[in-house]
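Printed here is upload.tsv (TSV, C-alpha atoms):
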chain	number	residue	atom	x	y	z
A	7	MET	CA	0.00	0.00	0.00
A	8	ILE	CA	2.82	2.35	0.95
A	9	SER	CA	4.67	1.58	-2.25
A	10	LYS	CA	1.53	2.19	-4.33
A	11	ASN	CA	1.03	5.49	-2.55
A	12	LYS	CA	4.64	6.44	-3.25
A	13	THR	CA	4.22	5.59	-6.93
A	14	TYR	CA	1.12	7.78	-7.22
A	15	ARG	CA	2.86	10.58	-5.33
A	16	PHE	CA	5.91	10.30	-7.58
A	17	ALA	CA	3.74	10.36	-10.75
A	18	TYR	CA	1.85	13.39	-9.44
A	19	LEU	CA	5.02	15.32	-8.67
A	20	LEU	CA	6.79	14.33	-11.88
A	21	ALA	CA	3.81	15.31	-14.05
A	22	SER	CA	3.38	18.56	-12.10
A	23	TYR	CA	7.06	19.50	-12.51
A	24	MET	CA	6.94	18.70	-16.24
A	25	ILE	CA	3.89	20.91	-16.75
A	26	GLY	CA	5.44	23.61	-14.56
A	27	LEU	CA	8.62	23.60	-16.66
A	28	PHE	CA	6.56	23.65	-19.84
A	29	LEU	CA	4.62	26.70	-18.65
A	30	LEU	CA	7.82	28.38	-17.49
A	31	SER	CA	9.41	27.90	-20.91
A	32	GLY	CA	6.78	30.25	-22.31
A	33	CYS	CA	7.82	33.11	-20.04
A	34	TYR	CA	9.08	35.18	-22.98
A	35	LYS	CA	5.50	36.49	-22.97
A	36	ILE	CA	6.32	38.48	-19.83
A	37	PHE	CA	9.41	40.10	-21.32
A	38	PHE	CA	7.96	40.74	-24.79
A	39	PRO	CA	4.32	41.68	-24.10
A	40	SER	CA	3.88	43.51	-27.39
A	41	GLU	CA	5.07	40.45	-29.33
A	42	PHE	CA	2.74	38.19	-27.39
A	43	SER	CA	-0.22	40.51	-27.85
A	44	LEU	CA	0.51	40.39	-31.60
A	45	ALA	CA	0.46	36.58	-31.36
A	46	VAL	CA	-2.91	36.77	-29.55
A	47	TYR	CA	-4.21	39.17	-32.21
A	48	ARG	CA	-3.15	36.73	-34.94
A	49	PHE	CA	-5.49	34.08	-33.52
A	50	HIS	CA	-8.36	36.36	-34.59
A	51	LEU	CA	-10.57	35.08	-31.77
A	52	LEU	CA	-10.97	38.16	-29.59
A	53	PRO	CA	-12.37	41.65	-30.12
A	54	ASP	CA	-9.67	44.37	-30.21
A	55	PHE	CA	-10.63	45.58	-26.74
A	56	TRP	CA	-9.57	42.32	-25.09
A	57	ILE	CA	-6.37	41.50	-26.99
A	58	ASN	CA	-3.75	43.30	-24.88
A	59	ILE	CA	-5.54	42.67	-21.59
A	60	THR	CA	-5.79	38.96	-22.38
A	61	ALA	CA	-2.17	38.74	-23.53
A	62	LEU	CA	-0.88	40.46	-20.39
A	63	TYR	CA	-3.05	38.41	-18.06
A	64	LEU	CA	-2.37	35.04	-19.72
A	65	ALA	CA	1.39	35.60	-19.55
A	66	TRP	CA	1.34	36.22	-15.79
A	67	LEU	CA	-1.28	33.56	-15.08
A	68	GLU	CA	0.89	31.02	-16.84
A	69	PHE	CA	3.93	32.18	-14.87
A	70	THR	CA	2.06	32.09	-11.54
A	71	CYS	CA	0.83	28.57	-12.26
A	72	ALA	CA	4.34	27.46	-13.21
A	73	ILE	CA	5.74	28.78	-9.91
A	74	CYS	CA	2.98	27.03	-7.94
A	75	LEU	CA	3.51	23.76	-9.79
A	76	LEU	CA	7.24	23.85	-9.18
A	77	PHE	CA	7.54	25.34	-5.70
A	78	ILE	CA	4.25	25.84	-3.83
A	79	SER	CA	2.74	22.44	-3.06
A	80	ARG	CA	-0.33	23.95	-1.33
A	81	TYR	CA	-1.50	25.47	-4.62
A	82	ARG	CA	-0.30	22.71	-6.95
A	83	VAL	CA	-3.71	21.13	-7.63
A	84	ALA	CA	-5.34	24.51	-8.20
A	85	ALA	CA	-2.52	25.38	-10.63
A	86	LEU	CA	-3.04	22.05	-12.41
A	87	ILE	CA	-6.71	22.83	-12.97
A	88	ILE	CA	-5.89	26.30	-14.32
A	89	ALA	CA	-3.17	24.79	-16.53
A	90	PHE	CA	-5.77	22.35	-17.88
A	91	LEU	CA	-8.09	25.24	-18.75
A	92	LEU	CA	-5.28	27.27	-20.31
A	93	LEU	CA	-4.10	24.34	-22.42
A	94	SER	CA	-7.68	23.65	-23.52
A	95	ILE	CA	-8.12	27.29	-24.61
A	96	PHE	CA	-4.78	27.33	-26.47
A	97	THR	CA	-5.60	24.05	-28.21
A	98	TYR	CA	-9.02	25.33	-29.23
A	99	GLY	CA	-7.41	28.47	-30.67
A	100	ILE	CA	-4.84	26.45	-32.60
A	101	ILE	CA	-7.47	24.09	-34.04
A	102	ILE	CA	-9.68	26.99	-35.16
A	103	ASN	CA	-6.72	28.67	-36.86
A	104	LEU	CA	-5.59	25.45	-38.52
A	105	LEU	CA	-9.08	25.06	-39.93
A	106	ARG	CA	-9.03	28.66	-41.16
A	107	GLY	CA	-5.52	28.27	-42.57
A	108	THR	CA	-2.77	30.35	-41.03
A	109	HIS	CA	0.89	31.03	-41.79
A	110	PHE	CA	1.72	32.18	-38.27
A	111	GLY	CA	3.28	30.38	-35.33
A	112	CYS	CA	1.29	29.88	-32.13
A	113	GLY	CA	3.45	32.34	-30.16
A	114	CYS	CA	3.82	29.69	-27.46
A	115	PHE	CA	7.54	29.85	-26.69
A	116	SER	CA	9.25	32.47	-28.77
A	117	PRO	CA	8.63	35.89	-30.29
A	118	SER	CA	10.93	35.04	-33.20
A	119	PRO	CA	9.44	35.45	-36.68
A	120	LEU	CA	11.39	32.33	-37.64
A	121	VAL	CA	9.08	30.09	-35.62
A	122	LYS	CA	7.36	27.48	-37.78
A	123	PRO	CA	3.68	28.04	-38.54
A	124	MET	CA	1.09	26.24	-36.42
A	125	SER	CA	0.51	22.64	-37.40
A	126	GLY	CA	-1.15	19.46	-36.21
A	127	LEU	CA	1.99	18.84	-34.12
A	128	ASN	CA	1.00	21.73	-31.83
A	129	VAL	CA	-2.36	20.06	-31.26
A	130	ILE	CA	-0.72	16.69	-30.55
A	131	ARG	CA	1.75	18.32	-28.11
A	132	ASN	CA	-1.06	20.12	-26.28
A	133	GLY	CA	-3.11	16.91	-26.25
A	134	ALA	CA	-0.18	15.10	-24.62
A	135	LEU	CA	0.14	17.89	-22.05
A	136	LEU	CA	-3.57	17.74	-21.27
A	137	LEU	CA	-3.16	14.00	-20.67
A	138	LEU	CA	-0.20	14.76	-18.42
A	139	VAL	CA	-2.33	17.18	-16.39
A	140	GLY	CA	-5.00	14.47	-16.20
A	141	LEU	CA	-2.40	12.00	-15.00
A	142	ALA	CA	-1.18	14.42	-12.33
A	143	LEU	CA	-4.71	15.02	-11.03
A	144	PHE	CA	-5.55	11.31	-11.12
A	145	SER	CA	-2.33	10.36	-9.29
A	146	HIS	CA	-2.97	13.04	-6.69
A	147	LYS	CA	-6.47	11.71	-6.05
A	148	LYS	CA	-5.19	8.14	-5.80
A	149	SER	CA	-2.33	9.08	-3.50
A	150	LEU	CA	-4.83	10.66	-1.11
A	151	LYS	CA	-7.06	7.57	-1.12
A	152	SER	CA	-4.37	4.92	-0.68
B	163	MET	CA	-13.80	21.09	-3.08
B	164	LYS	CA	-14.61	24.46	-1.58
B	165	SER	CA	-11.01	24.93	-0.51
B	166	LEU	CA	-9.80	24.00	-4.00
B	167	LEU	CA	-12.14	26.51	-5.61
B	168	LYS	CA	-10.90	29.13	-3.17
B	169	LYS	CA	-7.30	28.40	-4.14
B	170	ILE	CA	-8.16	28.67	-7.85
B	171	VAL	CA	-9.80	32.04	-7.26
B	172	ILE	CA	-6.78	33.20	-5.23
B	173	LEU	CA	-4.42	32.24	-8.05
B	174	LEU	CA	-6.59	34.04	-10.60
B	175	PHE	CA	-6.65	37.17	-8.43
B	176	VAL	CA	-2.93	37.09	-7.62
B	177	SER	CA	-2.16	36.80	-11.34
B	178	ALA	CA	-4.46	39.74	-12.07
B	179	ALA	CA	-2.75	41.82	-9.39
B	180	ILE	CA	0.73	40.95	-10.72
B	181	THR	CA	-0.42	41.79	-14.26
B	182	LEU	CA	-1.67	45.17	-13.08
B	183	LEU	CA	1.55	45.95	-11.21
B	184	ALA	CA	3.88	44.64	-13.91
B	185	ASN	CA	2.24	46.55	-16.71
B	186	THR	CA	2.30	49.72	-14.64
B	187	LEU	CA	5.85	49.51	-13.33
B	188	LEU	CA	7.93	47.56	-15.86
B	189	PRO	CA	9.64	49.46	-18.69
B	190	HIS	CA	8.27	47.27	-21.49
B	191	ARG	CA	4.62	47.98	-20.65
B	192	ILE	CA	2.02	48.13	-23.39
B	193	PRO	CA	-1.33	49.94	-23.57
B	194	TRP	CA	-4.16	48.00	-21.96
B	195	ILE	CA	-6.39	48.67	-24.93
B	196	GLU	CA	-5.13	49.08	-28.45
B	197	ASP	CA	-6.84	49.86	-31.71
B	198	TRP	CA	-5.74	46.86	-33.77
B	199	SER	CA	-7.77	47.99	-36.77
B	200	ASN	CA	-4.97	50.47	-37.57
B	201	HIS	CA	-2.40	47.72	-37.95
B	202	ILE	CA	-1.28	46.82	-41.46
B	203	GLU	CA	-2.20	43.16	-40.84
B	204	SER	CA	-5.72	44.13	-39.88
B	205	LYS	CA	-6.12	46.33	-42.95
B	206	ALA	CA	-4.83	43.48	-45.13
B	207	ALA	CA	-7.32	41.08	-43.53
B	208	GLN	CA	-10.14	43.53	-44.29
B	209	LYS	CA	-9.07	43.49	-47.95
B	210	LYS	CA	-8.80	39.68	-47.84
B	211	ILE	CA	-5.08	39.80	-48.59
B	212	ASP	CA	-3.10	36.82	-47.32
B	213	VAL	CA	-0.43	37.84	-44.77
B	214	ILE	CA	2.74	35.81	-44.27
B	215	PRO	CA	5.56	36.08	-41.69
B	216	LEU	CA	9.34	35.79	-42.22
B	217	ARG	CA	9.41	31.99	-41.78
B	218	THR	CA	6.93	31.41	-44.61
B	219	ALA	CA	8.61	34.02	-46.83
B	220	ILE	CA	11.95	32.21	-46.41
B	221	ASP	CA	10.31	28.87	-47.24
B	222	PHE	CA	8.75	30.28	-50.41
B	223	TYR	CA	12.04	31.98	-51.34
B	224	GLN	CA	13.96	28.74	-50.97
B	225	ILE	CA	11.61	26.66	-53.11
B	226	LYS	CA	11.37	29.52	-55.65
B	227	SER	CA	7.62	29.13	-55.86
B	228	HIS	CA	6.75	32.83	-55.57
B	229	ARG	CA	7.80	36.12	-57.12
B	230	PHE	CA	8.94	38.75	-54.62
B	231	ILE	CA	7.91	42.34	-55.27
B	232	ASP	CA	9.71	45.19	-53.49
B	233	ALA	CA	7.33	48.11	-52.91
B	234	ARG	CA	9.95	50.44	-51.40
B	235	ALA	CA	11.52	53.43	-53.12
B	236	ALA	CA	14.04	52.68	-55.89
B	237	GLU	CA	16.97	53.98	-53.77
B	238	GLU	CA	16.11	51.64	-50.90
B	239	TYR	CA	15.84	48.75	-53.36
B	240	ALA	CA	19.24	49.62	-54.80
B	241	ASN	CA	20.82	49.58	-51.34
B	242	GLY	CA	19.66	46.02	-50.73
B	243	HIS	CA	16.71	43.78	-51.48
B	244	ILE	CA	15.60	40.18	-51.43
B	245	PRO	CA	17.41	38.42	-54.31
B	246	ARG	CA	15.34	38.04	-57.51
B	247	ALA	CA	12.79	40.59	-56.18
B	248	LEU	CA	11.27	42.97	-58.69
B	249	SER	CA	11.30	46.66	-57.78
B	250	LEU	CA	7.85	48.18	-58.04
B	251	PRO	CA	7.85	51.29	-55.84
B	252	PHE	CA	4.32	52.13	-54.84
B	253	GLN	CA	5.05	55.87	-54.63
B	254	THR	CA	6.03	55.98	-58.32
B	255	LEU	CA	3.83	53.18	-59.61
B	256	ASP	CA	2.67	55.31	-62.55
B	257	HIS	CA	6.16	55.05	-64.04
B	258	HIS	CA	6.23	51.27	-63.93
B	259	PHE	CA	3.23	50.14	-65.96
B	260	GLU	CA	5.40	47.93	-68.18
B	261	LYS	CA	6.51	45.94	-65.15
B	262	VAL	CA	2.92	45.67	-63.92
B	263	GLU	CA	1.78	44.38	-67.32
B	264	LYS	CA	4.42	41.66	-67.17
B	265	LEU	CA	3.07	40.54	-63.80
B	266	PHE	CA	-0.20	39.55	-65.47
B	267	ASP	CA	1.72	37.08	-67.65
B	268	SER	CA	3.61	35.62	-64.71
B	269	GLU	CA	2.11	32.40	-63.38
B	270	MET	CA	3.93	32.73	-60.07
B	271	PRO	CA	2.00	34.03	-57.05
B	272	LEU	CA	3.36	37.32	-55.76
B	273	ILE	CA	4.81	38.20	-52.37
B	274	ILE	CA	4.87	41.94	-51.76
B	275	TYR	CA	7.00	43.56	-49.09
B	276	CYS	CA	8.31	46.91	-47.89
B	277	SER	CA	10.58	47.88	-44.98
B	278	ASN	CA	8.89	46.63	-41.84
B	279	ARG	CA	5.60	45.90	-40.10
B	280	ASP	CA	4.65	49.57	-39.98
B	281	CYS	CA	5.19	50.64	-43.58
B	282	ASP	CA	2.10	50.58	-45.74
B	283	ASP	CA	3.60	50.74	-49.24
B	284	ALA	CA	3.41	46.96	-49.67
B	285	LEU	CA	-0.21	46.87	-48.55
B	286	LEU	CA	-1.19	49.76	-50.81
B	287	LEU	CA	0.58	48.12	-53.75
B	288	ALA	CA	-1.13	44.81	-52.98
B	289	ILE	CA	-4.53	46.54	-52.95
B	290	GLU	CA	-3.71	48.32	-56.22
B	291	LEU	CA	-2.65	45.06	-57.90
B	292	GLN	CA	-5.69	43.31	-56.50
B	293	ASN	CA	-7.92	45.99	-57.99
B	294	MET	CA	-6.20	45.45	-61.32
B	295	GLY	CA	-7.17	41.80	-61.17
B	296	ILE	CA	-4.13	40.03	-59.73
B	297	THR	CA	-5.50	37.72	-57.07
B	298	GLN	CA	-2.60	35.41	-56.27
B	299	LEU	CA	-0.69	37.68	-53.93
B	300	SER	CA	0.45	37.75	-50.33
B	301	LEU	CA	1.80	40.46	-48.08
B	302	TYR	CA	5.09	39.61	-46.37
B	303	ILE	CA	4.49	41.53	-43.16
B	304	ASP	CA	7.90	41.49	-41.43
B	305	GLY	CA	9.52	43.39	-44.27
B	306	PHE	CA	13.07	43.72	-45.54
B	307	GLU	CA	14.50	44.89	-42.20
B	308	ARG	CA	13.64	41.62	-40.46
B	309	TRP	CA	14.70	39.63	-43.52
B	310	LYS	CA	18.16	41.18	-43.24
B	311	GLU	CA	18.24	41.02	-39.43
B	312	TYR	CA	17.57	37.27	-39.44
B	313	GLY	CA	20.23	36.51	-42.03
B	314	GLY	CA	18.20	36.37	-45.22
B	315	SER	CA	20.18	36.71	-48.48
B	316	VAL	CA	20.52	40.27	-49.71
B	317	GLU	CA	21.26	41.48	-53.22
B	318	LYS	CA	22.41	44.98	-54.13
B	319	THR	CA	21.97	46.83	-57.39
B	320	LYS	CA	25.10	48.59	-58.55
Please express what this file holds, its structure, as structure tokens.
Amino acid sequence: MISKNKTYRFAYLLASYMIGLFLLSGCYKIFFPSEFSLAVYRFHLLPDFWINITALYLAWLEFTCAICLLFISRYRVAALIIAFLLLSIFTYGIIINLLRGTHFGCGCFSPSPLVKPMSGLNVIRNGALLLLVGLALFSHKKSLKS
Amino acid sequence: MKSLLKKIVILLFVSAAITLLANTLLPHRIPWIEDWSNHIESKAAQKKIDVIPLRTAIDFYQIKSHRFIDARAAEEYANGHIPRALSLPFQTLDHHFEKVEKLFDSEMPLIIYCSNRDCDDALLLAIELQNMGITQLSLYIDGFERWKEYGGSVEKTK
């Protein structure tokens, strides 16, 4: 029982750290807010009024979640749920833009104009991350029960 | 469950507070609300002109599938341009009707560019060509400055 509990705990922490590092790798958004707001604009999903506000807020929300996932265990589950919502929103945006046809990158990790345009690979990557969040939440629940 | 919801709300609020502080105090702050309809990309979208970034322009350049059109002034073109690009300065378009006529015979789609994201010569030229009946065209939004900055090949006219 103890070993099973340890396994679940380990899976929970590992998945949380991986998602935390993933979110942290997108922190360019904090340092280049104008580039990220342009990336948000290029999704063509929001009215003009909300573009900069959303870009600024998403960047810091992502960063806050990453810090909680990596360092603040008390808020880890809450951060996982927010990460799940964020990833779902990003994936929805990417799918819509793939269906519309776009030449632009997703603006996920870099402001560089050399970033490859969005593709199905972005959807697969986000799908894998959503599964990872699911795994972390499941393992956390199991570790509490056992 | 209640405690979890509370923690989620706290995280959302903390992030909002940090956003507010950061975009007030940090040097690279941006306006909270911006009129995106003034951006060249937005104007191009309104005219249903395809917009491409540097990455895509490089890809098209490498496979030689598109014809690049330089909408900047002739002097700027002479000082450096994307290799094989045709100079068609928007400001003096009236003097280049022969070149425009030849574009109708070309089967290659066109990629029009100017200096950077803020110049509108490429967009205006694209609209003009579109009005003349050329439909296969894209606007390369990052312009020549970024092309050069990111190591794209440059050709000079002596």
Taking all atoms listed in the file into account, find every residue of chain A that has an atom no more than 10 Å from chain B, and write it out as an NGL selection string. :A and (36-40 or 43-44 or 47-48 or 50 or 53-71 or 74 or 80-88 or 108-111 or 118-123)
Mind writing the picked residues with C-alpha atoms as an mmCIF file, in the frame of the given file?
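This went into out26.cif:
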data_model
loop_
_atom_site.group_PDB
_atom_site.id
_atom_site.type_symbol
_atom_site.label_atom_id
_atom_site.label_comp_id
_atom_site.auth_asym_id
_atom_site.auth_seq_id
_atom_site.Cartn_x
_atom_site.Cartn_y
_atom_site.Cartn_z
ATOM 1 C CA ILE A 36 6.320 38.480 -19.830
ATOM 2 C CA PHE A 37 9.410 40.100 -21.320
ATOM 3 C CA PHE A 38 7.960 40.740 -24.790
ATOM 4 C CA PRO A 39 4.320 41.680 -24.100
ATOM 5 C CA SER A 40 3.880 43.510 -27.390
ATOM 6 C CA SER A 43 -0.220 40.510 -27.850
ATOM 7 C CA LEU A 44 0.510 40.390 -31.600
ATOM 8 C CA TYR A 47 -4.210 39.170 -32.210
ATOM 9 C CA ARG A 48 -3.150 36.730 -34.940
ATOM 10 C CA HIS A 50 -8.360 36.360 -34.590
ATOM 11 C CA PRO A 53 -12.370 41.650 -30.120
ATOM 12 C CA ASP A 54 -9.670 44.370 -30.210
ATOM 13 C CA PHE A 55 -10.630 45.580 -26.740
ATOM 14 C CA TRP A 56 -9.570 42.320 -25.090
ATOM 15 C CA ILE A 57 -6.370 41.500 -26.990
ATOM 16 C CA ASN A 58 -3.750 43.300 -24.880
ATOM 17 C CA ILE A 59 -5.540 42.670 -21.590
ATOM 18 C CA THR A 60 -5.790 38.960 -22.380
ATOM 19 C CA ALA A 61 -2.170 38.740 -23.530
ATOM 20 C CA LEU A 62 -0.880 40.460 -20.390
ATOM 21 C CA TYR A 63 -3.050 38.410 -18.060
ATOM 22 C CA LEU A 64 -2.370 35.040 -19.720
ATOM 23 C CA ALA A 65 1.390 35.600 -19.550
ATOM 24 C CA TRP A 66 1.340 36.220 -15.790
ATOM 25 C CA LEU A 67 -1.280 33.560 -15.080
ATOM 26 C CA GLU A 68 0.890 31.020 -16.840
ATOM 27 C CA PHE A 69 3.930 32.180 -14.870
ATOM 28 C CA THR A 70 2.060 32.090 -11.540
ATOM 29 C CA CYS A 71 0.830 28.570 -12.260
ATOM 30 C CA CYS A 74 2.980 27.030 -7.940
ATOM 31 C CA ARG A 80 -0.330 23.950 -1.330
ATOM 32 C CA TYR A 81 -1.500 25.470 -4.620
ATOM 33 C CA ARG A 82 -0.300 22.710 -6.950
ATOM 34 C CA VAL A 83 -3.710 21.130 -7.630
ATOM 35 C CA ALA A 84 -5.340 24.510 -8.200
ATOM 36 C CA ALA A 85 -2.520 25.380 -10.630
ATOM 37 C CA LEU A 86 -3.040 22.050 -12.410
ATOM 38 C CA ILE A 87 -6.710 22.830 -12.970
ATOM 39 C CA ILE A 88 -5.890 26.300 -14.320
ATOM 40 C CA THR A 108 -2.770 30.350 -41.030
ATOM 41 C CA HIS A 109 0.890 31.030 -41.790
ATOM 42 C CA PHE A 110 1.720 32.180 -38.270
ATOM 43 C CA GLY A 111 3.280 30.380 -35.330
ATOM 44 C CA SER A 118 10.930 35.040 -33.200
ATOM 45 C CA PRO A 119 9.440 35.450 -36.680
ATOM 46 C CA LEU A 120 11.390 32.330 -37.640
ATOM 47 C CA VAL A 121 9.080 30.090 -35.620
ATOM 48 C CA LYS A 122 7.360 27.480 -37.780
ATOM 49 C CA PRO A 123 3.680 28.040 -38.540
#
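If you count only C-alpha atoms and ignore residues fewer than 2 places along the chain from Leu27 in chain A, what sits within 10 Å of it is Ala21, Ser22, Tyr23, Met24, Ile25, Leu29, Leu30, Ser31, Gly32, Phe69, Ala72, Ile73, Leu75 and Leu76 of chain A.
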Just C-alpha atoms for this one: save the residues we selected as a PDB file, keeping the file's coordinate frame.
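Output file out-v7.pdb is given in full below:
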ATOM      1  CA  ALA A  21       3.810  15.310 -14.050  1.00  0.00           C
ATOM      2  CA  SER A  22       3.380  18.560 -12.100  1.00  0.00           C
ATOM      3  CA  TYR A  23       7.060  19.500 -12.510  1.00  0.00           C
ATOM      4  CA  MET A  24       6.940  18.700 -16.240  1.00  0.00           C
ATOM      5  CA  ILE A  25       3.890  20.910 -16.750  1.00  0.00           C
ATOM      6  CA  LEU A  29       4.620  26.700 -18.650  1.00  0.00           C
ATOM      7  CA  LEU A  30       7.820  28.380 -17.490  1.00  0.00           C
ATOM      8  CA  SER A  31       9.410  27.900 -20.910  1.00  0.00           C
ATOM      9  CA  GLY A  32       6.780  30.250 -22.310  1.00  0.00           C
ATOM     10  CA  PHE A  69       3.930  32.180 -14.870  1.00  0.00           C
ATOM     11  CA  ALA A  72       4.340  27.460 -13.210  1.00  0.00           C
ATOM     12  CA  ILE A  73       5.740  28.780  -9.910  1.00  0.00           C
ATOM     13  CA  LEU A  75       3.510  23.760  -9.790  1.00  0.00           C
ATOM     14  CA  LEU A  76       7.240  23.850  -9.180  1.00  0.00           C
TER      15      LEU A  76
END
Output, as JSON, the centre and edge lengths in Å (one decimal) of the axis-aligned box that contains all listed atoms of range 14-25 of chain A with 6 Å of margin on each side.
{"center_x": 4.1, "center_y": 14.3, "center_z": -11.0, "size_x": 17.9, "size_y": 25.1, "size_z": 23.4}
Counting only C-alpha atoms, write as a ChimeraX atom specification all protein and nucleic acid residues lying at most 12 Å from (3.3, 41.9, -65.2) in the file's frame. /B:229,231,248-250,258-272,291,294-296
Selection near range 131-142 of chain A, 7 Å with only C-alpha atoms, sequence-local residues under 4 positions removed, as a PyMOL selection string: chain A and resi 17-18+21-22+86+90+93+97+127+146
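A straight line drawn from CA of Ile244 in chain B to CA of Leu287 in chain B is 17.1 Å long.
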Which distance in Å separates CA of Pro245 in chain B and CA of Val316 in chain B, to one decimal? 5.9 Å
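Our summary of the geometry notes that CA of Phe230 in chain B is positioned 13.7 Å from CA of Leu285 in chain B.
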